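Structure record follows, encoded as structure tokens.
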Amino acid sequence: MLRRNCLLLFLCFLFEQSSCAPFQSRTGQEWPHSQTAGPSPAAGRNGGSRGFQRVKRGWVWNQFFVLEEYMGSDPQYVGKLHTDLDKGESAVKYTLSGEGAGTIFTIDQITGDIHALRSLDREEKPYYTLRAQAVDLETSRPLEPESEFVIKVQDINDNEPKFLEGPYTASVPEMSPVGTYVMKVTATDADDPTYGNSARVVYSILHGQPYFSVDPKTGVIRTALPNMDREVKELYQVLIQAKDMGGQLGGLAGTTTINITLSDVNDNPPRFSKSIFHLRVPESSAVGSAVGRIKAHDLDIGKNAEVEYNIVPGDGGAMFDITTNEHNQEGIIMLKKPLDYETKKAYTFKVEASNAHLDPRFHNFGPFKDTATVKINVLDVDEPPVFSKPSYAMDVYEDTPQGTIIGAVTAQDLDAGNSPV
């Protein structure tokens, strides 16, 4: 029993406190003050003004609303303030102070009607805090203590969504599967996100289909077509629209441009422009010198276009070598041993070109290499005649008459023409 009585006393205490709590109601309703419950003692023993005539009171405040961007010719009605002490005999005067009092908001001192004197912008200031008081019309003595209330600026859809960081640039690897993430764009709307759909943005693509798609809620852009090839088309310009009111008819819209580049992957093998390369090399070429250049073309770029060249084992492997020019990816054929036209007049061998950096995703595209035949003709050089022996020994008698033949030397021209010496 004691526990139940304590609980009842506690609930009565909570109810007593709640009678002073504020609450909100809709626009245009009045703000009533409670009736005074009885006279209060004088302010002091030596006379002076009487105190407020109440034992307790219950404030019932409205949160008033005023529509932003109001374009009417008359001041916009906001709401009415009223106290229970006002019996309609024009004995009460209402005063208004605080943010915008007298400049933005005005009050009819007799009726308590509040009006807005000019158009307001919620994005500039969303609410105003003011104070009101009811005073005796004749004595100007306050009938109730001054108290605060709020006039909230109610939003209308007067701001379009904006992309603050556009235009955008992005890249995605070529040959990406459908649904590959590209980037995310975000539009901001200055309207009130808590009221209606004025700030609820929906994204759509105006230009850039069928290559890309955008999530209408998140603004995430993804690929929409498979096997987009950089070697066919590298740059795409996508136009994204953000529309408020949930995308409904009458909503405001903003747009932005996204320049999307397909980055290269190694999806192309090197290819020789012809199957046979003919080279002519003088037999006098120095060992280590470059005797010719060939090239396999790769449609990829950067590291994906780097080519390695190798001489297929065979006729030319002992006489020639090949290296890659890093700047233009040409194959440079180098001479490993001296040439001799009279010994061998031509060489034929195969060269293989392959990618240095392979991508396993594209192995099914076929072998990433190509071969070509190189034919080298050795050119004859006019060489000096060669003696039959490096030295000769001859004997001759003294006093031999002038013009006597004492011996002979022989030399031969080894060139093709076998010219007389």
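How things are named: the first chain in the structure tokens is A, the next is B, and so on; residues count from 1 in each chain; ligands count from 1 in the order shown.
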Residues of range 191-417 of chain A classed as helix (DSSP H, G or I) by DSSP on the backbone are to be reported as a PDB file with N, CA and C atoms, in the first residue's frame.
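Okay, this is what ended up in part20.pdb:
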ATOM      1  N   MET A 245      12.118  16.997 -56.296  1.00  0.00           N
ATOM      2  CA  MET A 245      10.732  16.522 -56.234  1.00  0.00           C
ATOM      3  C   MET A 245      10.647  15.040 -56.582  1.00  0.00           C
ATOM      4  N   GLY A 246      11.714  14.304 -56.284  1.00  0.00           N
ATOM      5  CA  GLY A 246      11.718  12.880 -56.576  1.00  0.00           C
ATOM      6  C   GLY A 246      11.656  12.563 -58.042  1.00  0.00           C
ATOM      7  N   GLY A 247      12.056  13.535 -58.888  1.00  0.00           N
ATOM      8  CA  GLY A 247      12.016  13.334 -60.327  1.00  0.00           C
ATOM      9  C   GLY A 247      10.656  13.572 -60.951  1.00  0.00           C
ATOM     10  N   GLY A 302      51.649   2.511 -73.893  1.00  0.00           N
ATOM     11  CA  GLY A 302      52.427   2.374 -72.666  1.00  0.00           C
ATOM     12  C   GLY A 302      53.090   1.020 -72.551  1.00  0.00           C
ATOM     13  N   LYS A 303      53.078   0.466 -71.333  1.00  0.00           N
ATOM     14  CA  LYS A 303      53.717  -0.823 -71.100  1.00  0.00           C
ATOM     15  C   LYS A 303      53.057  -1.936 -71.886  1.00  0.00           C
ATOM     16  N   ASN A 304      51.752  -1.787 -72.153  1.00  0.00           N
ATOM     17  CA  ASN A 304      51.042  -2.834 -72.901  1.00  0.00           C
ATOM     18  C   ASN A 304      51.486  -2.921 -74.350  1.00  0.00           C
ATOM     19  N   ALA A 305      52.190  -1.903 -74.838  1.00  0.00           N
ATOM     20  CA  ALA A 305      52.664  -1.907 -76.230  1.00  0.00           C
ATOM     21  C   ALA A 305      54.140  -2.262 -76.336  1.00  0.00           C
ATOM     22  N   PRO A 360      46.546 -12.112 -68.234  1.00  0.00           N
ATOM     23  CA  PRO A 360      45.942 -13.453 -68.349  1.00  0.00           C
ATOM     24  C   PRO A 360      44.465 -13.434 -68.722  1.00  0.00           C
ATOM     25  N   ARG A 361      43.779 -12.293 -68.519  1.00  0.00           N
ATOM     26  CA  ARG A 361      42.357 -12.241 -68.862  1.00  0.00           C
ATOM     27  C   ARG A 361      42.110 -12.391 -70.359  1.00  0.00           C
ATOM     28  N   PHE A 362      43.140 -12.118 -71.164  1.00  0.00           N
ATOM     29  CA  PHE A 362      42.919 -12.103 -72.612  1.00  0.00           C
ATOM     30  C   PHE A 362      43.720 -13.183 -73.340  1.00  0.00           C
ATOM     31  N   HIS A 363      44.130 -14.226 -72.617  1.00  0.00           N
ATOM     32  CA  HIS A 363      44.856 -15.315 -73.267  1.00  0.00           C
ATOM     33  C   HIS A 363      43.995 -16.012 -74.316  1.00  0.00           C
ATOM     34  N   ASN A 364      42.681 -16.015 -74.086  1.00  0.00           N
ATOM     35  CA  ASN A 364      41.800 -16.682 -75.051  1.00  0.00           C
ATOM     36  C   ASN A 364      41.665 -15.903 -76.350  1.00  0.00           C
ATOM     37  N   PHE A 365      42.223 -14.676 -76.402  1.00  0.00           N
ATOM     38  CA  PHE A 365      42.187 -13.917 -77.650  1.00  0.00           C
ATOM     39  C   PHE A 365      43.153 -14.482 -78.683  1.00  0.00           C
TER      40      PHE A 365
END
Would you please extract all strand (DSSP E or B) residues from range 200-374 of chain A, as assigned by DSSP on the backbone, and give them as a count of residues only?
-> 82
Atomic separation - CA of Asn227 in chain A relative to CA of Ile258 in chain A, Å =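 Answer for the CA of Ile258 in chain A to CA of Asn227 in chain A separation: 20.4 Å.
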Excluding Val201 in chain A and any residue of its chain fewer than 5 positions from it, enumerate the residues within 9 Å of it, using only C-alpha atoms, and give them as a list in words.
-> Pro161, Ala187, Thr188, Asp189, Pro216, Lys217, Ala242, Lys243, Asp244, Met245, Gly246, Gly247 and Ala253 of chain A
